[in-house]
Structure formats: C-alpha cells, structure tokens
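Student: Here you go, this is query_33.txt (compact mmCIF, C-alpha atoms).
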# COMPACT_ATOMS: atom_id res chain seq x y z
CA MET A 319 167.58 94.25 60.68
CA LYS A 320 165.29 94.03 57.70
CA ILE A 321 162.19 94.48 59.89
CA THR A 322 163.59 97.78 61.16
CA GLU A 323 164.31 98.96 57.62
CA GLU A 324 160.83 98.05 56.49
CA PHE A 325 159.28 99.70 59.54
CA ASN A 326 161.17 102.92 58.86
CA ASN A 327 159.94 102.88 55.27
CA PRO A 328 156.23 102.17 55.69
CA SER A 329 155.53 102.37 51.96
CA ASN A 330 157.32 99.03 51.70
CA ILE A 331 155.11 97.28 54.27
CA SER A 332 152.44 94.82 53.20
CA ILE A 333 150.31 92.94 55.74
CA GLU A 334 149.64 89.22 55.50
CA GLN A 335 147.17 87.34 57.69
CA ASP A 336 149.78 85.39 59.62
CA LEU A 337 151.58 88.62 60.50
CA GLN A 338 148.60 90.01 62.42
CA PRO A 339 150.00 89.31 65.93
CA PHE A 340 153.19 91.14 64.87
CA ILE A 341 151.16 94.07 63.58
CA ASN A 342 149.20 94.16 66.83
CA ASP A 343 152.51 94.43 68.70
CA ILE A 344 153.54 97.34 66.44
CA SER A 345 150.22 99.04 67.17
CA ILE A 346 150.81 98.65 70.89
CA THR A 347 154.34 100.06 70.46
CA LEU A 348 153.04 103.07 68.52
CA SER A 349 150.35 103.62 71.13
CA LYS A 350 153.01 103.56 73.84
CA ARG A 351 155.11 106.05 71.90
CA GLN A 352 152.15 108.38 71.52
CA SER A 353 151.55 108.25 75.25
CA LEU A 354 155.22 108.74 76.05
CA LEU A 355 154.36 112.08 77.64
CA LEU A 356 151.97 110.39 80.08
CA ASN A 357 154.45 107.65 80.89
CA HIS A 358 157.44 109.88 81.48
CA ILE A 359 156.15 113.03 83.18
CA ASN A 360 155.69 112.55 86.91
CA ILE A 361 156.72 114.29 90.11
CA ASN A 362 160.31 113.05 89.68
CA THR A 363 160.73 114.09 86.04
CA LYS A 364 163.64 116.42 85.39
CA TRP A 365 164.65 118.44 82.36
CA LYS A 366 168.15 119.28 81.18
CA GLN A 367 169.10 122.62 82.66
CA HIS A 368 170.66 124.12 79.55
CA GLY A 369 168.15 125.04 76.89
CA ILE A 370 168.60 124.94 73.13
CA THR A 371 167.48 127.98 71.14
CA ILE A 372 165.15 126.67 68.44
CA ALA A 373 163.60 129.95 67.24
CA GLY A 374 164.83 133.54 67.36
CA GLY A 375 167.83 134.30 69.52
CA ASN A 376 169.25 136.67 66.89
CA GLY A 377 168.41 139.89 68.66
CA LYS A 378 165.20 141.86 68.66
CA GLY A 379 163.96 142.53 65.13
CA ASN A 380 161.52 141.75 62.35
CA GLN A 381 163.64 139.59 60.08
CA LEU A 382 162.52 136.00 59.54
CA ASN A 383 165.25 134.73 61.89
CA GLN A 384 164.22 137.17 64.61
CA LEU A 385 161.40 137.69 67.11
CA ASN A 386 160.25 140.75 69.02
CA SER A 387 158.88 140.11 72.52
CA PRO A 388 157.17 136.80 71.69
CA GLU A 389 154.41 135.61 74.02
CA GLY A 390 152.30 132.58 73.13
CA ILE A 391 153.47 129.28 71.65
CA TYR A 392 151.71 126.24 70.18
CA VAL A 393 153.56 122.98 69.45
CA ASP A 394 152.10 121.02 66.53
CA ASP A 395 153.73 117.60 66.80
CA ASP A 396 151.86 116.30 63.74
CA HIS A 397 153.68 118.76 61.49
CA GLN A 398 156.90 119.14 63.52
CA THR A 399 156.12 122.83 63.78
CA LEU A 400 155.97 125.64 66.33
CA TYR A 401 153.55 128.54 66.05
CA ILE A 402 154.70 131.69 67.82
CA ALA A 403 152.75 134.85 68.68
CA ASP A 404 155.43 137.35 67.65
CA HIS A 405 153.77 140.03 69.71
CA SER A 406 155.56 143.26 68.83
CA ASN A 407 156.00 142.31 65.15
CA HIS A 408 152.20 141.94 64.89
CA ARG A 409 152.41 138.53 63.30
CA ILE A 410 152.14 134.79 63.84
CA VAL A 411 155.25 132.87 62.78
CA GLU A 412 155.45 129.20 61.85
CA TRP A 413 158.84 127.67 62.68
CA LYS A 414 159.63 124.14 61.50
CA TYR A 415 161.76 121.97 63.78
CA GLY A 416 165.42 122.55 62.93
CA ALA A 417 164.77 125.59 60.70
CA GLN A 418 166.96 128.68 60.80
CA ASN A 419 164.09 131.00 59.87
CA GLY A 420 160.39 131.24 60.50
CA GLN A 421 157.60 131.90 58.03
CA VAL A 422 154.85 134.47 58.54
CA VAL A 423 151.47 132.72 58.45
CA ALA A 424 149.21 135.50 59.79
CA GLY A 425 149.58 139.26 59.97
CA GLY A 426 153.02 140.67 59.23
CA ASN A 427 151.50 143.61 57.35
CA GLY A 428 152.18 146.19 60.00
CA LYS A 429 150.15 147.04 63.07
CA GLY A 430 146.52 147.64 62.18
CA ASN A 431 142.90 146.54 62.29
CA GLN A 432 142.37 145.43 58.69
CA SER A 433 141.55 141.79 57.97
CA ASP A 434 145.15 141.10 56.88
CA GLN A 435 146.66 142.76 59.97
CA LEU A 436 147.15 142.03 63.65
CA ASN A 437 147.75 144.35 66.59
CA TYR A 438 149.92 142.89 69.36
CA PRO A 439 148.72 139.26 69.11
CA ARG A 440 149.15 137.50 72.43
CA ASP A 441 148.27 133.87 71.78
CA MET A 442 147.06 131.35 69.21
CA ILE A 443 145.96 127.75 68.95
CA VAL A 444 145.57 125.34 66.04
CA ASP A 445 142.04 124.20 65.25
CA LYS A 446 142.96 120.95 63.50
CA LYS A 447 139.37 120.10 62.59
CA ASN A 448 139.10 123.29 60.51
CA ASP A 449 142.82 123.45 59.62
CA SER A 450 143.07 126.99 60.89
CA LEU A 451 144.72 129.18 63.50
CA ILE A 452 142.60 130.92 66.13
CA ILE A 453 144.38 134.07 67.24
CA CYS A 454 143.97 136.38 70.23
CA ASP A 455 144.37 139.77 68.50
CA LYS A 456 144.60 141.71 71.74
CA GLY A 457 145.20 145.23 70.38
CA ASN A 458 142.12 144.93 68.16
CA SER A 459 139.95 143.38 70.92
CA ARG A 460 138.96 140.47 68.73
CA VAL A 461 139.50 136.76 68.19
CA VAL A 462 140.22 135.87 64.56
CA ARG A 463 140.37 132.66 62.56
CA TRP A 464 143.09 132.36 59.92
CA SER A 465 143.25 129.48 57.44
CA ARG A 466 146.47 127.44 57.44
CA GLN A 467 146.08 126.93 53.68
CA ASN A 468 147.81 130.10 52.47
CA GLY A 469 145.36 132.32 54.32
CA THR A 470 145.97 136.00 53.56
CA ASN A 471 143.14 137.38 55.70
CA GLY A 472 141.62 136.61 59.06
CA GLU A 473 137.94 136.30 59.89
CA THR A 474 136.71 137.82 63.15
CA ILE A 475 134.85 135.12 65.09
CA ILE A 476 134.53 136.95 68.45
CA PRO A 477 134.44 140.78 68.31
CA ASP A 478 134.64 143.31 71.14
CA ILE A 479 136.49 141.19 73.67
CA ASP A 480 139.57 142.22 75.64
CA CYS A 481 141.12 138.85 74.95
CA CYS A 482 144.37 137.77 76.51
CA ARG A 483 144.74 133.99 76.01
CA LEU A 484 142.98 131.07 74.29
CA ARG A 485 142.49 127.34 74.79
CA MET A 486 140.34 124.64 73.22
CA ASP A 487 139.04 121.57 75.06
CA LYS A 488 138.63 118.01 73.79
CA ASN A 489 135.10 118.83 72.58
CA GLY A 490 136.30 121.71 70.43
CA ASP A 491 134.86 124.37 72.76
CA LEU A 492 136.85 127.60 72.82
CA TYR A 493 137.96 129.31 76.07
CA VAL A 494 139.06 132.95 76.07
CA SER A 495 140.41 134.99 78.99
CA ASP A 496 139.22 138.61 79.16
CA TRP A 497 141.72 140.70 81.09
CA LYS A 498 139.42 143.71 81.58
CA LYS A 499 136.43 141.75 82.83
CA ASN A 500 138.68 139.37 84.78
CA GLU A 501 136.83 136.33 83.51
CA VAL A 502 137.18 133.28 81.30
CA ARG A 503 134.37 132.56 78.84
CA ARG A 504 133.60 129.37 76.93
CA TRP A 505 132.09 129.24 73.47
CA LYS A 506 130.64 126.07 72.03
CA GLN A 507 131.26 125.77 68.30
CA GLY A 508 128.77 127.88 66.41
CA GLU A 509 127.63 129.85 69.46
CA ARG A 510 127.55 133.63 69.28
CA LYS A 511 127.57 134.23 73.03
CA GLY A 512 129.86 132.45 75.44
CA ILE A 513 129.24 131.65 79.08
CA THR A 514 131.45 132.64 82.03
CA VAL A 515 133.27 129.63 83.48
CA ALA A 516 135.73 131.41 85.80
CA GLY A 517 135.73 134.84 87.46
CA GLY A 518 133.37 137.52 86.24
CA ASN A 519 133.01 138.98 89.74
CA GLY A 520 135.11 142.08 89.27
CA GLU A 521 138.74 142.74 90.11
CA GLY A 522 139.93 141.47 93.48
CA ASN A 523 141.72 138.77 95.44
CA HIS A 524 138.80 136.68 96.68
CA LEU A 525 138.53 133.07 95.49
CA ASN A 526 135.86 134.05 92.95
CA GLN A 527 137.92 136.94 91.54
CA PHE A 528 141.05 137.70 89.53
CA ASP A 529 143.30 140.72 89.24
CA TRP A 530 144.47 140.79 85.62
CA LEU A 531 144.29 137.17 84.58
CA THR A 532 146.67 136.06 81.82
CA TYR A 533 147.29 132.49 80.63
CA ILE A 534 144.76 129.68 80.90
CA PHE A 535 144.85 125.89 80.62
CA VAL A 536 141.92 123.47 80.29
CA ASP A 537 142.33 119.86 81.43
CA GLU A 538 140.52 116.66 80.41
CA ASP A 539 137.79 117.30 82.99
CA ARG A 540 137.26 120.84 81.64
CA SER A 541 138.70 122.38 84.78
CA VAL A 542 140.17 125.79 83.96
CA TYR A 543 143.54 126.86 85.38
CA VAL A 544 144.22 130.60 85.38
CA SER A 545 147.40 132.61 85.99
CA ASP A 546 146.26 135.46 88.24
CA TYR A 547 149.03 137.96 87.53
CA HIS A 548 148.62 140.63 90.22
CA ASN A 549 147.49 138.27 92.96
CA PRO A 550 150.45 136.19 92.14
CA ARG A 551 148.82 132.78 92.09
CA VAL A 552 147.39 130.10 89.82
CA MET A 553 143.72 129.24 90.34
CA LYS A 554 141.82 126.09 89.42
CA TRP A 555 138.13 126.38 88.60
CA MET A 556 136.41 123.03 88.25
CA ASP A 557 133.66 122.76 85.65
CA GLY A 558 130.58 124.46 87.08
CA ALA A 559 132.36 125.92 90.13
CA LYS A 560 131.44 129.30 91.61
CA GLU A 561 134.94 129.94 92.93
CA GLY A 562 138.44 128.65 92.40
CA ILE A 563 141.09 127.05 94.57
CA VAL A 564 144.72 128.16 94.79
CA VAL A 565 147.03 125.55 93.25
CA ALA A 566 150.26 127.60 93.08
CA GLY A 567 151.49 130.73 94.82
CA GLY A 568 149.01 132.89 96.68
CA ASN A 569 151.58 134.00 99.26
CA GLY A 570 152.35 137.45 97.91
CA PHE A 571 155.09 138.53 95.52
CA GLY A 572 158.49 136.98 96.18
CA ASN A 573 161.09 134.45 95.10
CA SER A 574 160.77 131.80 97.78
CA LEU A 575 159.48 128.35 96.78
CA THR A 576 156.05 129.23 98.20
CA GLN A 577 155.75 132.37 96.08
CA LEU A 578 155.38 133.56 92.51
CA SER A 579 156.08 136.92 90.94
CA ARG A 580 153.91 137.80 87.94
CA PRO A 581 152.87 134.31 86.77
CA TYR A 582 152.28 133.85 83.06
CA GLY A 583 152.21 130.57 81.09
CA VAL A 584 150.54 127.61 82.80
CA LEU A 585 150.43 123.89 81.96
CA VAL A 586 149.02 120.92 83.85
CA ASP A 587 150.13 117.31 83.38
CA HIS A 588 147.97 114.19 83.68
CA LEU A 589 148.76 113.90 87.41
CA GLY A 590 147.51 117.41 88.15
CA ASN A 591 150.96 118.93 88.62
CA VAL A 592 151.02 122.61 87.64
CA TYR A 593 153.86 124.18 85.64
CA VAL A 594 153.99 127.96 85.64
CA ALA A 595 156.22 130.59 84.05
CA ASP A 596 157.26 132.65 87.06
CA SER A 597 158.18 135.57 84.84
CA SER A 598 159.73 138.14 87.18
CA ASN A 599 161.73 135.39 88.92
CA HIS A 600 162.97 134.19 85.50
CA ARG A 601 162.17 130.57 86.22
CA ILE A 602 159.69 127.78 85.49
CA MET A 603 158.11 126.24 88.58
CA ARG A 604 156.30 122.95 89.20
CA TRP A 605 153.71 122.70 91.93
CA CYS A 606 152.68 119.13 92.69
CA GLU A 607 149.01 118.60 93.41
CA GLY A 608 148.25 119.48 97.03
CA SER A 609 151.74 120.87 97.70
CA CYS A 610 152.32 124.08 99.66
CA GLU A 611 155.44 124.96 97.71
CA GLY A 612 156.87 124.51 94.26
CA SER A 613 160.20 123.44 92.83
CA VAL A 614 162.29 125.06 90.11
CA VAL A 615 162.14 123.09 86.86
CA VAL A 616 164.42 125.26 84.69
CA GLY A 617 165.88 128.74 85.03
CA GLY A 618 166.12 130.38 88.42
CA ASN A 619 169.72 131.38 87.77
CA GLY A 620 169.04 135.09 87.62
CA LYS A 621 167.95 137.17 84.65
CA GLY A 622 170.21 136.58 81.67
CA GLU A 623 170.73 135.17 78.22
CA GLN A 624 172.91 132.15 78.97
CA SER A 625 171.50 128.73 78.08
CA ASN A 626 170.56 128.07 81.73
CA GLN A 627 168.95 131.49 82.19
CA LEU A 628 165.70 133.15 81.19
CA ASN A 629 164.55 136.74 80.91
CA TYR A 630 160.84 137.14 81.64
CA PRO A 631 159.47 133.79 80.40
CA THR A 632 155.88 133.86 79.18
CA GLY A 633 154.44 130.94 77.17
CA LEU A 634 154.97 127.23 77.90
CA SER A 635 154.32 124.01 76.02
CA PHE A 636 155.27 120.32 76.01
CA ASP A 637 155.74 118.18 72.93
CA ALA A 638 154.66 114.54 72.69
CA GLN A 639 158.00 113.36 74.10
CA GLY A 640 157.70 115.57 77.17
CA ASN A 641 160.32 118.14 76.12
CA LEU A 642 159.59 121.59 77.53
CA TYR A 643 159.36 124.71 75.33
CA VAL A 644 159.66 128.14 76.95
CA VAL A 645 158.97 131.52 75.36
CA ASP A 646 161.93 133.53 76.66
CA CYS A 647 160.21 136.83 75.97
CA LEU A 648 162.81 139.52 76.63
CA ASN A 649 165.59 137.40 75.10
CA ASP A 650 163.43 137.22 71.96
CA ARG A 651 163.86 133.47 71.61
CA ILE A 652 162.20 130.10 72.16
CA GLN A 653 164.14 127.69 74.37
CA LYS A 654 163.72 123.92 74.30
CA PHE A 655 164.63 121.98 77.45
CA ASP A 656 164.97 118.28 76.69
CA ILE A 657 163.43 115.81 79.08
CA ASP A 658 166.19 114.10 81.10
CA LEU A 659 165.46 110.39 80.81
CA ASN A 660 168.48 109.58 82.97
Just give me the structure of the file as structure tokens.

Tutor:
Amino acid sequence: MKITEEFNNPSNISIEQDLQPFINDISITLSKRQSLLLNHININTKWKQHGITIAGGNGKGNQLNQLNSPEGIYVDDDHQTLYIADHSNHRIVEWKYGAQNGQVVAGGNGKGNQSDQLNYPRDMIVDKKNDSLIICDKGNSRVVRWSRQNGTNGETIIPDIDCCRLRMDKNGDLYVSDWKKNEVRRWKQGERKGITVAGGNGEGNHLNQFDWLTYIFVDEDRSVYVSDYHNPRVMKWMDGAKEGIVVAGGNGFGNSLTQLSRPYGVLVDHLGNVYVADSSNHRIMRWCEGSCEGSVVVGGNGKGEQSNQLNYPTGLSFDAQGNLYVVDCLNDRIQKFDIDLN
C-alpha cells in the first residue's frame, strides 16, 4: 500500500488539513506502540526460553567482541544501543543492536584512578538530558559522569562513596547504593549531599537493614527496590518509609520457588511484579505483587552455557517491546529473551 510506503519513509509525508483525523489515528497508533511494554507485560507474560547472544559470547577477553565478567546493562531504545559495564576490563562498552563488536565509550585505558580510567565499574545509566553516562566506578569509590559526545575523560560527581548500583527517577534525581554503609542515597540534581532513602541502620536482617545490598530499582512512585544479597531477599522501601517490606525471597538461601540465592539485578513492571536475577540458582524469577512464591521466567536449567542456561546472571533490563535482556556474567555474554506473544 502506498500509505504504508509513505509511513515508512516519513521524509515523504506532508500533512493537509483534511488528513488530520488520519494523522490523529497515526498518533494514537504510535502512542500504543510506545506503551507496548505496558500493554504486554502482565502476570501471564512469557518469554522464549532460548536466549540469543547479542553481545560477547566469544570467551573471556578484552577484544571488542569479548566481555570479561560484565555486570550492569542499560538499554537505550532511542539509539538501538546497549551499554554494558564490562567490569573486569575496566570499561563501558556501547553495543549497537545487531553489531558483532562493541565500542569502548568510557575507560578502557587499564585499571586506574585517573580521569580517563575506571576500576571495576559495576553499573551505569544514561542521563539523556545531559547526553552523558553516569558510571558507578566501584574500585575508585566514586560516581563519574562521562559525555556521550566522544568523551575521553570522566568527571567525578560524587566522591568517596562505596557505590554499587545507580538509578535515576522521572525527576532526574540520582539514587546510589552504598554497599559498605548498607544504604541507598538520593541526590537531587545539583546537590552536593544526598539523603538516605533506604537502610542506613547498619548491617543486619531487620526490615530497616540490609546485608550487602546490590542492585536497585526506582518505580514511578519513587519507591526503591533493593536486592539484599546476603539476606537473600528483595526489599521495597516506599518514599519516606523508615523500613522496607519483603517482596521476594526472605526464606533463607535455597532453590525452591519461595527462596533466592544471592539476588542481583532487579526490575519492577507497571503492575508491581518483581523480576530478580537469582544468580546462584542461575535463573530469573518473577514474584507477583503479594505472592509468597515466585516463578521461573528464564533459566533454571542448571549452570551452563547453552541458550536455555545461565551462569551467574547479574544485570537485567527490558526494551520498549518487553524483550528481556540478561547479563550472563560468568558466560561473558548478554542474552536477549524475546517476549512470547503467542
């Protein structure tokens, strides 16, 4: 159809007044496509059980087609790009969809504490407003900002913090987990001192404590979800709360559906369902809101490198279509599990 051809080549489109209802329909269609994730992810959503390797998977190494114990991941749908915290190569790698190789966009100059170096980076996010990467440079106990426009050096924006993971909320406020202080702090843009929004009550297993917190997620209501590694559970701290509630695990280490073993990456969908990388069980779990047990989303077929297996998964992300991306850390690869629309 000519309309389809014109729509696929927007430079050819011109709008006339009597076409306005048609254009409104297109706008509604585009809006629906953009909210595809919200429409399609629910408690019955399934993902194909065999993942596709979209980055790494060529053995452990420092070549541009390799990764070395990757941890964090950020999916930038706008640019069809993945950003990967290539932890033991001390670099952040940008990997375009479909590419055979990545490109170093931060670090990659050996392990060190100079402004052009990183030291075991754990996580990063894209600050689209400032067109930059914000990186958790764990080994240097700092958070750095790195321009996406051919940046060759980072700028330290938070020094002297034992940072582990990062998130940004809809207001542009930055959340950082501190694994030594067992707390999450929030910085408003331009602030020099953040405030504690979760934990900060020492190491422990009470509802107001963590024992080596790792990944965090911030939802639309600014509730903070925290993977509490040694307690094996995921905690939810509502904005302003003095203690959290257990939303996954909390029943000791184990591999039953009521248990987790060293939880890492955590995501939450619009219904409040929690997705967690159950790293030592080599599986991704979903815990529906209010449920006492989870279900296996992908993995759970033993430790391995087959397409339906994982080996110590860490980071998690969805793209706009609801496909699931898993950092398969000890297989040195990123796996994509397509949403199963059937």

Student: Could you check which of A:Asn519, A:Thr632, A:Asn471, A:Ser625 is closest to Lys654 (chain A), using only C-alpha atoms?

Tutor: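 The closest residue to Lys654 (chain A) is A:Ser625.
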
Student: Could you tell me how far CA of Asp537 (chain A) lies from CA of Ile453 (chain A), in Å and to one decimal?

Tutor: 20.2 Å

Student: Find the residue from A:Gly517, A:Gly379, A:Pro550, A:Gly416 that sits nearest to Asp404 (chain A); use all atoms listed in the file when measuring.

Tutor: A:Gly379

Student: Can you pull out every residue within 8 Å of Asn383 (chain A), counting all atoms listed in the file, but drop anything in the same chain fewer than 6 positions away, and send it as an MDAnalysis selection string?

Tutor: chainID A and resid 373:374 376 418:420

Student: Now that the selection is made, can you save its residues with C-alpha atoms as a compact mmCIF listing (two decimals), in the frame of the given file?

Tutor:
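Everything below was put into out-v7.txt:
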# COMPACT_ATOMS: atom_id res chain seq x y z
CA ALA A 373 163.60 129.95 67.24
CA GLY A 374 164.83 133.54 67.36
CA ASN A 376 169.25 136.67 66.89
CA GLN A 418 166.96 128.68 60.80
CA ASN A 419 164.09 131.00 59.87
CA GLY A 420 160.39 131.24 60.50

Student: Counting only C-alpha atoms, note down every residue that has an atom within 7 Å of the point (157.2, 126.5, 98.1) (file coordinates), as a list in words.

Tutor: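 Taken together, the residues in range are Ser574, Leu575, Thr576, Gln577, Cys610, Glu611, Gly612 and Ser613 of chain A.
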